[in-house]
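The structure appears right after this line, and notes come after that.
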Amino acid sequence: MIAPSGTATAPPAPAPVNRPGMSLIQNVPGAIYRCLTDNARTVIFVTHQICTMTGRTAAEFRPGASNLSSLVHPDDAAQVAAHLSALGEGEAFECEYRLVTDEGERWVHDRAHVVVDDAGHRFMDGVLMDVTERRRAQDEMQWMALHDPLTTLPNRRAFAEELAVELGRADDRRNLSAAVFDIDHFKSINDTHGHETGDVALVEVAARLRSAIGGSGSVSRTGGEEFVALLPGHSLAQATVVAELARRAVCAAPIGVLDVTVSGGVACLAAGDDLVGNADTALYRAKHEGRNRVVAFP
């Protein structure tokens with residue numbers, strides 16, 4: 001073709017050739033892969049989205065250089081292996097697990113199935129979807145359902161679940177005890193110094209109780225200014241000693257401008273099925289007898 005000026009014009013460049021489906025595959029919100037069915041899950045092909053999940057480019061997943069199994073979090077490896085071992089031809093593999101990457105842990109939803117080519121070679125074709133944000137939101141919601149957001153201690157629901165477990169496995173009723181603590185004159189703290197100061201007191205009392213109880217048991221916040229320690233493996237006498245040490249830890253030093261104390265009631269399962277109710281009864285006695293003390297039931 002000759003241009004009007006008399007100069008030759010180059011023919012238009014041919015349109016790039018695109019294999020059917022490749023544009024779609026390269027733009028799905030997840031990494032599409034094909035791997036061998038060996039234990040390593042050696043990657044034959046993977047799309048570029050794998051880089052956002054692992055920090056490694058698709059080229060780095062060439063056979064022998066990297067594989068899917070090596071990225072699985074050690075705590076999830078057995079679960080993934082169990083799913084894979086039960087997988088038959090044409091069956092779907094589906095599992096959520098964590099990947100260990102240079103950027104930290106990432107949760108993925110992995111769905112694949114086994115295919116066999118004309119030569120009889122077996123592969124797994126699948127897609128990895130990053131579900132980290134969803135899992136984090138689920139974990140946060142689960143945490144909030146079982147914890148007090150102010151003190152971060154387990155809440156009443158979590159305590160009830162733990163108590164049910166301990167009651168079910170208590171082979172000796174003399175060795176399961178509980179201690180209930182209540183901050184003395186807490187209403188006066190709020191009325192005189194304000195609720196923000198009251199919140200500071202709650203947080204610090206919770207921290208001191210948790211530290212003092214330590215490995216002896218667990219501490220939960222079950223009410224406004226009420227805390228419960230569950231003490232498996234502790235007789236009434238042993239639990240009373242632990243509760244007294246916790247009481248002393250709370251009043252060992254002022255909290256800001258406040259001299260904060262707690263009263264405590266302790267009970268053992270051997271005294272009756274209402275473990276917490278009996279500890280509450282002892283707590284009321286401690287209040288009646290002058291506060292800032294621990295009393296055992298009965």
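Chain labels follow the order of the structure tokens: the first chain is A, the next B, and so on; residue numbering restarts at 1 in every chain, and ligands are counted from 1 in their shown order.
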Report as a PyMOL selection string all protein, DNA and RNA residues lying within 9 Å of Asp172 of chain A, evaluated on only C-alpha atoms, omitting residues in the same chain fewer than 3 positions from it. chain A and resi 169+175-176+233+269-270
DSSP says strand (DSSP E or B) for which residues of segment 80-267 of chain A? Put them as a PyMOL selection string? chain A and resi 92-101+104-116+122-130+147+154+176-183+218-221+226-232+255+258+262-267
C-alpha atoms of the current selection, written as a short mmCIF file (atom, residue, chain, number, x, y, z; two decimals), in the first residue's frame:
```cif
data_model
loop_
_atom_site.label_atom_id
_atom_site.label_comp_id
_atom_site.auth_asym_id
_atom_site.auth_seq_id
_atom_site.Cartn_x
_atom_site.Cartn_y
_atom_site.Cartn_z
CA ALA A 92 -14.39 -32.58 44.91
CA PHE A 93 -11.73 -31.55 47.41
CA GLU A 94 -12.80 -28.59 49.56
CA CYS A 95 -11.00 -27.25 52.59
CA GLU A 96 -10.12 -24.00 54.37
CA TYR A 97 -6.65 -23.67 55.83
CA ARG A 98 -3.83 -21.22 56.42
CA LEU A 99 -0.90 -20.53 54.17
CA VAL A 100 2.43 -19.48 55.69
CA THR A 101 3.94 -16.69 53.62
CA GLY A 104 2.31 -13.70 57.47
CA GLU A 105 -0.59 -16.14 57.58
CA ARG A 106 -3.34 -16.08 54.96
CA TRP A 107 -6.56 -18.09 55.07
CA VAL A 108 -7.61 -19.71 51.79
CA HIS A 109 -10.61 -21.66 50.59
CA ASP A 110 -9.30 -24.43 48.36
CA ARG A 111 -11.68 -26.26 46.02
CA ALA A 112 -10.46 -28.77 43.45
CA HIS A 113 -11.22 -32.08 41.80
CA VAL A 114 -9.21 -34.89 40.28
CA VAL A 115 -9.03 -35.12 36.49
CA VAL A 116 -7.41 -37.71 34.22
CA ARG A 122 -3.95 -37.72 37.14
CA PHE A 123 -4.08 -34.05 38.10
CA MET A 124 -5.96 -31.78 40.45
CA ASP A 125 -7.61 -28.72 38.95
CA GLY A 126 -8.66 -26.15 41.51
CA VAL A 127 -8.95 -22.59 42.69
CA LEU A 128 -7.59 -20.88 45.81
CA MET A 129 -9.69 -18.01 47.17
CA ASP A 130 -8.27 -15.67 49.80
CA HIS A 147 -15.30 -12.20 76.16
CA PRO A 154 -14.10 -14.50 79.46
CA LEU A 176 -13.60 -28.67 92.02
CA SER A 177 -14.01 -25.25 93.59
CA ALA A 178 -14.99 -21.73 92.63
CA ALA A 179 -14.35 -18.28 94.06
CA VAL A 180 -16.62 -15.30 93.49
CA PHE A 181 -15.17 -11.79 93.92
CA ASP A 182 -16.97 -8.46 94.11
CA ILE A 183 -15.38 -5.00 94.17
CA SER A 218 -9.47 -19.22 85.07
CA VAL A 219 -11.10 -15.88 85.85
CA SER A 220 -14.24 -14.54 84.17
CA ARG A 221 -16.17 -11.30 84.50
CA GLU A 226 -18.34 -9.41 89.83
CA PHE A 227 -15.68 -11.92 88.86
CA VAL A 228 -15.61 -15.71 89.16
CA ALA A 229 -12.56 -17.94 89.35
CA LEU A 230 -13.04 -21.61 88.48
CA LEU A 231 -10.46 -23.77 90.22
CA PRO A 232 -10.33 -27.38 88.97
CA ILE A 255 -5.35 2.06 91.46
CA LEU A 258 -8.29 4.72 94.66
CA VAL A 262 -12.59 -6.97 96.91
CA SER A 263 -14.59 -9.44 98.94
CA GLY A 264 -14.57 -13.12 98.05
CA GLY A 265 -16.66 -16.21 98.59
CA VAL A 266 -15.37 -19.75 98.01
CA ALA A 267 -17.26 -23.02 97.62
#
```
Using only C-alpha atoms, determine which residues lie at most 12 Å from segment 189-196 of chain A, disregarding the query and same-chain residues fewer than 2 positions distant; provide the list as a tab-separated table (two decimals) with N, CA and C atoms, in the first residue's frame.
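Generated output (selection_33.tsv):
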```tsv
chain	number	residue	atom	x	y	z
A	150	LEU	N	-14.28	-4.92	77.82
A	150	LEU	CA	-13.54	-3.96	78.65
A	150	LEU	C	-12.31	-4.60	79.28
A	183	ILE	N	-16.10	-6.22	93.76
A	183	ILE	CA	-15.38	-5.00	94.17
A	183	ILE	C	-16.19	-4.27	95.23
A	184	ASP	N	-15.54	-3.95	96.32
A	184	ASP	CA	-16.22	-3.28	97.43
A	184	ASP	C	-16.53	-1.83	97.09
A	185	HIS	N	-17.75	-1.42	97.43
A	185	HIS	CA	-18.20	-0.02	97.26
A	185	HIS	C	-18.01	0.48	95.82
A	186	PHE	N	-18.25	-0.38	94.86
A	186	PHE	CA	-18.01	0.02	93.47
A	186	PHE	C	-18.96	1.13	93.02
A	187	LYS	N	-20.19	1.08	93.47
A	187	LYS	CA	-21.14	2.14	93.10
A	187	LYS	C	-20.64	3.50	93.57
A	198	GLY	N	-14.21	4.28	87.13
A	198	GLY	CA	-14.70	2.96	87.47
A	198	GLY	C	-14.23	1.91	86.47
A	199	ASP	N	-14.22	2.27	85.17
A	199	ASP	CA	-13.73	1.34	84.16
A	199	ASP	C	-12.25	1.03	84.35
A	200	VAL	N	-11.48	2.05	84.70
A	200	VAL	CA	-10.05	1.84	84.96
A	200	VAL	C	-9.88	0.85	86.11
A	201	ALA	N	-10.69	1.02	87.15
A	201	ALA	CA	-10.62	0.12	88.30
A	201	ALA	C	-10.97	-1.31	87.90
A	202	LEU	N	-12.00	-1.47	87.08
A	202	LEU	CA	-12.41	-2.80	86.63
A	202	LEU	C	-11.29	-3.49	85.85
A	203	VAL	N	-10.67	-2.74	84.94
A	203	VAL	CA	-9.61	-3.31	84.12
A	203	VAL	C	-8.43	-3.75	84.99
A	224	GLY	N	-21.40	-6.77	86.53
A	224	GLY	CA	-20.83	-5.43	86.52
A	224	GLY	C	-19.50	-5.35	87.23
A	225	GLU	N	-19.47	-5.67	88.52
A	225	GLU	CA	-18.22	-5.65	89.28
A	225	GLU	C	-17.92	-7.01	89.88
A	255	ILE	N	-5.06	1.96	92.90
A	255	ILE	CA	-5.35	2.06	91.46
A	255	ILE	C	-5.63	3.53	91.19
A	256	GLY	N	-4.62	4.22	90.70
A	256	GLY	CA	-4.73	5.67	90.57
A	256	GLY	C	-4.84	6.29	91.96
A	257	VAL	N	-5.93	7.02	92.19
A	257	VAL	CA	-6.15	7.64	93.50
A	257	VAL	C	-7.01	6.76	94.40
A	258	LEU	N	-7.35	5.56	93.94
A	258	LEU	CA	-8.29	4.72	94.66
A	258	LEU	C	-7.58	3.60	95.41
A	259	ASP	N	-8.06	3.35	96.63
A	259	ASP	CA	-7.68	2.15	97.36
A	259	ASP	C	-8.82	1.15	97.17
A	260	VAL	N	-8.62	0.24	96.24
A	260	VAL	CA	-9.67	-0.69	95.86
A	260	VAL	C	-9.48	-2.02	96.56
A	261	THR	N	-10.59	-2.56	97.07
A	261	THR	CA	-10.56	-3.88	97.70
A	261	THR	C	-11.67	-4.75	97.11
```
Atom-to-atom span, atom CA of Ala237 of chain A and atom CA of Cys268 of chain A, Å: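 It comes out at 9.1 Å.
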All residues 9 Å or closer to Ala271 of chain A, only C-alpha atoms, same chain fewer than 5 positions away omitted, as a VMD selection string: chain A and resid 173 to 174 278 297 to 298
Save out the residues we just selected, N, CA and C atoms, as a CSV table (one decimal), in the first residue's frame.
```csv
chain,number,residue,atom,x,y,z
A,173,ARG,N,-15.7,-34.8,93.6
A,173,ARG,CA,-16.4,-33.5,93.9
A,173,ARG,C,-15.6,-32.7,94.9
A,174,ARG,N,-14.7,-33.3,95.6
A,174,ARG,CA,-13.9,-32.5,96.6
A,174,ARG,C,-12.8,-31.6,95.9
A,278,ASN,N,-23.4,-21.3,95.9
A,278,ASN,CA,-22.9,-21.5,97.3
A,278,ASN,C,-21.7,-20.5,97.5
A,297,PHE,N,-17.6,-21.4,102.0
A,297,PHE,CA,-18.9,-22.0,102.3
A,297,PHE,C,-18.7,-23.4,102.8
A,298,PRO,N,-19.4,-23.9,103.8
A,298,PRO,CA,-20.7,-23.2,104.4
A,298,PRO,C,-20.3,-22.3,105.5
```
Please report the interatomic distance between atom CA of Met53 of chain A and atom CA of Ala145 of chain A in Å with one decimal.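 Between these atoms lies a distance of 29.4 Å.
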Per DSSP on the backbone, what are the alpha helix (DSSP H) residues of segment 123-163 of chain A, as number ranges by chain? A: 132-146, 156-163
Written selection (N, CA and C atoms) as a short mmCIF file (atom, residue, chain, number, x, y, z; two decimals), in the first residue's frame:
```cif
data_model
loop_
_atom_site.label_atom_id
_atom_site.label_comp_id
_atom_site.auth_asym_id
_atom_site.auth_seq_id
_atom_site.Cartn_x
_atom_site.Cartn_y
_atom_site.Cartn_z
N THR A 132 -9.10 -14.48 54.06
CA THR A 132 -8.49 -14.02 55.30
C THR A 132 -9.39 -13.03 56.04
N GLU A 133 -9.92 -12.05 55.33
CA GLU A 133 -10.72 -11.03 56.00
C GLU A 133 -12.00 -11.62 56.58
N ARG A 134 -12.61 -12.56 55.85
CA ARG A 134 -13.81 -13.21 56.38
C ARG A 134 -13.50 -14.00 57.63
N ARG A 135 -12.40 -14.75 57.61
CA ARG A 135 -12.04 -15.54 58.78
C ARG A 135 -11.70 -14.65 59.97
N ARG A 136 -11.04 -13.53 59.71
CA ARG A 136 -10.72 -12.61 60.80
C ARG A 136 -11.99 -12.03 61.41
N ALA A 137 -12.95 -11.69 60.56
CA ALA A 137 -14.22 -11.17 61.05
C ALA A 137 -14.96 -12.23 61.86
N GLN A 138 -14.93 -13.47 61.40
CA GLN A 138 -15.57 -14.56 62.14
C GLN A 138 -14.89 -14.77 63.48
N ASP A 139 -13.56 -14.76 63.48
CA ASP A 139 -12.82 -14.94 64.73
C ASP A 139 -13.11 -13.82 65.71
N GLU A 140 -13.21 -12.59 65.18
CA GLU A 140 -13.50 -11.45 66.05
C GLU A 140 -14.89 -11.56 66.65
N MET A 141 -15.86 -11.96 65.83
CA MET A 141 -17.22 -12.13 66.34
C MET A 141 -17.29 -13.23 67.38
N GLN A 142 -16.57 -14.32 67.13
CA GLN A 142 -16.56 -15.42 68.09
C GLN A 142 -15.91 -14.98 69.40
N TRP A 143 -14.81 -14.23 69.28
CA TRP A 143 -14.14 -13.73 70.49
C TRP A 143 -15.07 -12.82 71.28
N MET A 144 -15.75 -11.92 70.59
CA MET A 144 -16.63 -10.98 71.27
C MET A 144 -17.80 -11.69 71.94
N ALA A 145 -18.24 -12.80 71.37
CA ALA A 145 -19.35 -13.55 71.95
C ALA A 145 -18.97 -14.19 73.27
N LEU A 146 -17.67 -14.39 73.50
CA LEU A 146 -17.23 -15.13 74.68
C LEU A 146 -16.34 -14.31 75.61
N ARG A 156 -19.79 -14.21 81.02
CA ARG A 156 -20.67 -15.17 81.71
C ARG A 156 -20.94 -16.40 80.84
N ARG A 157 -21.16 -16.18 79.55
CA ARG A 157 -21.43 -17.31 78.66
C ARG A 157 -20.23 -18.25 78.60
N ALA A 158 -19.04 -17.68 78.45
CA ALA A 158 -17.83 -18.51 78.39
C ALA A 158 -17.63 -19.26 79.70
N PHE A 159 -17.90 -18.58 80.83
CA PHE A 159 -17.77 -19.24 82.13
C PHE A 159 -18.74 -20.41 82.24
N ALA A 160 -19.99 -20.20 81.81
CA ALA A 160 -20.99 -21.26 81.88
C ALA A 160 -20.55 -22.48 81.07
N GLU A 161 -19.97 -22.23 79.89
CA GLU A 161 -19.51 -23.34 79.05
C GLU A 161 -18.35 -24.07 79.72
N GLU A 162 -17.43 -23.32 80.31
CA GLU A 162 -16.28 -23.94 80.98
C GLU A 162 -16.74 -24.73 82.20
N LEU A 163 -17.68 -24.16 82.95
CA LEU A 163 -18.19 -24.84 84.13
C LEU A 163 -18.85 -26.16 83.76
#
```
Between atom CA of Val43 of chain A and atom CA of Asn67 of chain A - distance in Å to one decimal: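 We find that atom CA of Asn67 of chain A and atom CA of Val43 of chain A lie 5.6 Å from each other.
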Give the answer as one residue: which of A:Val294, A:Leu283, A:Leu87, A:Leu209 has the shortest atom-to-atom distance to Glu244 of chain A, using only C-alpha atoms? A:Val294
Skipping near chain neighbours, those fewer than 6 positions away, what residues fall within 9 Å of Pro63 of chain A using only C-alpha atoms, listed as a count of residues only? 4
